[in-house]
Amino acid sequence: MAKATHEKEKKTPEKEPVHAAWTTYTAQTARVEHAATGLKEFLSACKTEREAVRWMEEKLLAAGYKPIEKCDVLRPGDRTFLNWKGRALAAFKAGKRPVVEGFHMIGSHADSPRIDLKPKPLYEDSNLLMADTQYYGGLKKYQWANLPLALRGEIHTPGKPPHAVAIGENPDDPILLIPDLAPHLDRALAERKASETIAGENLDVILGHHPGARGANAKADSKDAVKKQIAAWIQKNWKISERELAAADLALVPAGRARDAGVDGSLVASYGIDDRICVWASFQALLDIDKTPEKGAFFLATDREEIGSCGLAGAQSSYMELFVLELLARQDRQKRGGSLDLRRAFSASSALSADVTEAANPLYKDAFDPRQIPLAGNGITIMKYSGSGGKYNGGEARGEFLARLIDLFTTRKVPWQVGSMGKVDKGGGGTIAMYLAQLGMDVADCGPAVLSL
């Protein structure tokens, strides 16, 4: 009845004042396009977690943030950060209330699936120099063959700063390729499952093939001639021997910059959107805080989420607790940040586990629960729980916290939708939410819905 009354009283389209709405739409569109430009620059520049950490540290220093070791006292409004061994980063803007009374955190992960070089990578076979590899994270192996790849990472030498490596990104650079088998020789392809299309040990990449290395005038001692040439190139340009490659952190990632997609340019296509889109967005939110917040603002970019948040810089490691202890110590130098205050600080805090989910894909509708499906461009997703099957290996937000979050988004006119990870027993995935919750924080998964994740 209310709808019918409204439609009866509604003016004709020709007489409706549409200018105000159009102006609002245009302003919002301009803001989104500006944000997309910054996002594409970040995604293009930062294709590993180490590159992301270096990029963010530079921006933090320019914005007046101090490394925690140079921050003697923490007062309201002060800004500090922890670069955790080059692999993860935590930053904090102190609020009016002390750290022990809690803070607001947005946490995301800066790592993405990729293909790493093994410690002893070089071998020559069939006149080609190959690099032995090990894939990282839950990638679809068949997607990486015949794909233009770049080599990104760092060379480490004792007593010297890391030497950054980036080959395959500039237009004049050579690219790298993982060779696939021609369809003429792969007649058994139909008999294999998609997961068996390419074996993990067949993701080795071509590093070189010099036509002059083996020819009619090749000497008898020309065994591994291509490998020797590349090893000499490594010695000249990276200042390390082939043996010292064991200490290098080198990864293969898709080559090329982030691009607009669609004939209308309405989408962003890039490697590493999971989860560096959330890293970038939450980092910009931190830098945009111009006033002293009531509670401290805590930014977190962690590593190893793609393989279970384990290891030195994963969400299960101790560096978050160390950083909060450092913050507590600088606010109350007599207590020096005790373990009881640490637990109180975490339990009084709330967090968003900022991570992406899969948007509805019109080509694969059977993978989604149609009643829980998030749409691209339909607002940020809020996920009450993650995990797979019977909610295994996932986190779940308390209803009380989720109600507060929904009210906050609705009041601030933030478009949001319910997110999910596909049908029960067919989909699912984990985030860092469960590890933040283990510290005592209220936490919910929240992030954009992404196509072709």
# chains A, B, ... in the order shown; residues from 1 in each chain; ligands from 1

call {"tool": "select_by_dssp", "arguments": {"residues": "region 17-163 of chain A", "states": "strand (DSSP E)", "output": "PyMOL selection string"}}
result
chain A and resi 66-67+79-84+88-93+103-109+114-125+128-136+149-155+163

call {"tool": "write_last_selection", "arguments": {"atoms": "C-alpha atoms", "output": "PDB file, in the first residue's frame"}}
result
ATOM      1  CA  LYS A  66      58.302   6.933  13.496  1.00  0.00           C
ATOM      2  CA  PRO A  67      59.731   3.419  13.795  1.00  0.00           C
ATOM      3  CA  ARG A  79      52.175   7.818  15.070  1.00  0.00           C
ATOM      4  CA  THR A  80      54.506   4.842  14.990  1.00  0.00           C
ATOM      5  CA  PHE A  81      55.079   1.575  13.128  1.00  0.00           C
ATOM      6  CA  LEU A  82      56.913  -1.739  13.177  1.00  0.00           C
ATOM      7  CA  ASN A  83      58.565  -3.132  10.055  1.00  0.00           C
ATOM      8  CA  TRP A  84      58.738  -6.789  10.986  1.00  0.00           C
ATOM      9  CA  ALA A  88      55.023  -7.686   7.642  1.00  0.00           C
ATOM     10  CA  LEU A  89      54.121  -4.244   8.893  1.00  0.00           C
ATOM     11  CA  ALA A  90      52.059  -2.857  11.764  1.00  0.00           C
ATOM     12  CA  ALA A  91      51.296   0.843  12.203  1.00  0.00           C
ATOM     13  CA  PHE A  92      49.480   2.718  14.949  1.00  0.00           C
ATOM     14  CA  LYS A  93      47.985   6.149  15.509  1.00  0.00           C
ATOM     15  CA  PHE A 103      42.034  -0.129  19.737  1.00  0.00           C
ATOM     16  CA  HIS A 104      40.401  -0.523  16.335  1.00  0.00           C
ATOM     17  CA  MET A 105      42.315  -2.702  13.878  1.00  0.00           C
ATOM     18  CA  ILE A 106      42.052  -3.417  10.169  1.00  0.00           C
ATOM     19  CA  GLY A 107      44.214  -6.398   9.258  1.00  0.00           C
ATOM     20  CA  SER A 108      44.923  -7.810   5.812  1.00  0.00           C
ATOM     21  CA  HIS A 109      47.611  -9.900   4.123  1.00  0.00           C
ATOM     22  CA  ARG A 114      53.107 -17.132  -6.826  1.00  0.00           C
ATOM     23  CA  ILE A 115      55.905 -19.427  -7.986  1.00  0.00           C
ATOM     24  CA  ASP A 116      59.176 -19.306  -6.040  1.00  0.00           C
ATOM     25  CA  LEU A 117      62.608 -20.368  -7.260  1.00  0.00           C
ATOM     26  CA  LYS A 118      64.053 -23.318  -5.363  1.00  0.00           C
ATOM     27  CA  PRO A 119      67.342 -22.836  -3.441  1.00  0.00           C
ATOM     28  CA  LYS A 120      69.351 -24.606  -6.158  1.00  0.00           C
ATOM     29  CA  PRO A 121      67.439 -23.428  -9.216  1.00  0.00           C
ATOM     30  CA  LEU A 122      69.696 -23.584 -12.274  1.00  0.00           C
ATOM     31  CA  TYR A 123      69.875 -26.567 -14.597  1.00  0.00           C
ATOM     32  CA  GLU A 124      70.478 -26.938 -18.333  1.00  0.00           C
ATOM     33  CA  ASP A 125      68.488 -29.329 -20.492  1.00  0.00           C
ATOM     34  CA  LEU A 128      67.720 -24.394 -22.458  1.00  0.00           C
ATOM     35  CA  LEU A 129      68.604 -23.044 -19.054  1.00  0.00           C
ATOM     36  CA  MET A 130      65.737 -23.782 -16.708  1.00  0.00           C
ATOM     37  CA  ALA A 131      64.978 -22.678 -13.164  1.00  0.00           C
ATOM     38  CA  ASP A 132      63.607 -25.239 -10.728  1.00  0.00           C
ATOM     39  CA  THR A 133      60.554 -23.879  -8.877  1.00  0.00           C
ATOM     40  CA  GLN A 134      58.126 -24.470  -6.020  1.00  0.00           C
ATOM     41  CA  TYR A 135      54.671 -22.917  -6.124  1.00  0.00           C
ATOM     42  CA  TYR A 136      53.349 -20.942  -3.148  1.00  0.00           C
ATOM     43  CA  LEU A 149      56.095 -13.749 -16.174  1.00  0.00           C
ATOM     44  CA  ALA A 150      58.359 -11.350 -14.317  1.00  0.00           C
ATOM     45  CA  LEU A 151      61.074 -12.255 -11.830  1.00  0.00           C
ATOM     46  CA  ARG A 152      60.704 -10.186  -8.652  1.00  0.00           C
ATOM     47  CA  GLY A 153      62.454 -10.388  -5.315  1.00  0.00           C
ATOM     48  CA  GLU A 154      65.674  -9.736  -3.461  1.00  0.00           C
ATOM     49  CA  ILE A 155      69.290 -10.879  -3.433  1.00  0.00           C
ATOM     50  CA  HIS A 163      69.420  -5.961  -3.847  1.00  0.00           C
TER      51      HIS A 163
END

call {"tool": "closest_atom_pairs", "arguments": {"of": "region 287-325 of chain A", "to": "region 69-78 of chain A", "cutoff": "12 Å", "atoms": "only C-alpha atoms", "output": "CSV"}}
result
residue,atom,partner,partner_atom,distance
A:Ile289,CA,A:Gly77,CA,9.9
A:Asp290,CA,A:Gly77,CA,9.2
A:Lys291,CA,A:Gly77,CA,7.5
A:Thr292,CA,A:Gly77,CA,4.9
A:Pro293,CA,A:Gly77,CA,7.6
A:Glu294,CA,A:Pro76,CA,9.1
A:Lys295,CA,A:Pro76,CA,9.3
A:Gly296,CA,A:Pro76,CA,8.4
A:Ala297,CA,A:Gly77,CA,9.9
A:Leu322,CA,A:Glu69,CA,11.9
A:Phe323,CA,A:Glu69,CA,10.3
A:Val324,CA,A:Leu74,CA,11.7

call {"tool": "write_last_selection", "arguments": {"atoms": "N, CA and C atoms", "output": "mmCIF file, in the first residue's frame"}}
result
data_model
loop_
_atom_site.group_PDB
_atom_site.id
_atom_site.type_symbol
_atom_site.label_atom_id
_atom_site.label_comp_id
_atom_site.auth_asym_id
_atom_site.auth_seq_id
_atom_site.Cartn_x
_atom_site.Cartn_y
_atom_site.Cartn_z
ATOM 1 N N ILE A 289 43.443 9.648 8.449
ATOM 2 C CA ILE A 289 42.969 10.066 9.777
ATOM 3 C C ILE A 289 43.685 11.368 10.158
ATOM 4 N N ASP A 290 42.944 12.473 10.173
ATOM 5 C CA ASP A 290 43.570 13.757 10.453
ATOM 6 C C ASP A 290 43.417 14.196 11.907
ATOM 7 N N LYS A 291 42.439 13.630 12.623
ATOM 8 C CA LYS A 291 42.231 13.976 14.020
ATOM 9 C C LYS A 291 42.664 12.817 14.914
ATOM 10 N N THR A 292 42.820 13.110 16.188
ATOM 11 C CA THR A 292 43.154 12.053 17.140
ATOM 12 C C THR A 292 41.906 11.213 17.414
ATOM 13 N N PRO A 293 41.928 9.930 17.106
ATOM 14 C CA PRO A 293 40.731 9.102 17.318
ATOM 15 C C PRO A 293 40.504 8.836 18.802
ATOM 16 N N GLU A 294 39.280 8.414 19.140
ATOM 17 C CA GLU A 294 38.978 8.085 20.534
ATOM 18 C C GLU A 294 39.820 6.891 20.980
ATOM 19 N N LYS A 295 39.764 5.815 20.204
ATOM 20 C CA LYS A 295 40.643 4.673 20.418
ATOM 21 C C LYS A 295 41.714 4.651 19.331
ATOM 22 N N GLY A 296 42.846 4.069 19.626
ATOM 23 C CA GLY A 296 43.927 4.020 18.670
ATOM 24 C C GLY A 296 43.545 3.291 17.392
ATOM 25 N N ALA A 297 44.124 3.707 16.270
ATOM 26 C CA ALA A 297 43.901 3.082 14.968
ATOM 27 C C ALA A 297 45.093 2.183 14.650
ATOM 28 N N LEU A 322 54.243 -8.391 20.301
ATOM 29 C CA LEU A 322 55.430 -7.583 20.580
ATOM 30 C C LEU A 322 55.145 -6.100 20.347
ATOM 31 N N PHE A 323 54.481 -5.780 19.241
ATOM 32 C CA PHE A 323 54.196 -4.381 18.919
ATOM 33 C C PHE A 323 53.282 -3.748 19.976
ATOM 34 N N VAL A 324 52.252 -4.483 20.408
ATOM 35 C CA VAL A 324 51.344 -3.941 21.417
ATOM 36 C C VAL A 324 52.066 -3.786 22.757
#

call {"tool": "atom_distance", "arguments": {"atom1": "CA of Leu451 (chain A)", "atom2": "CA of Ala359 (chain A)"}}
result
5.2 Å

call {"tool": "atom_distance", "arguments": {"atom1": "CA of Gly429 (chain A)", "atom2": "CA of Gly387 (chain A)"}}
result
4.9 Å

call {"tool": "residues_around", "arguments": {"residues": "Gly308 (chain A)", "least_positions_apart": "4", "cutoff": "10 Å", "atoms": "only C-alpha atoms", "output": "ChimeraX atom specification"}}
result
/A:137,303-304,314-316,393,430-432
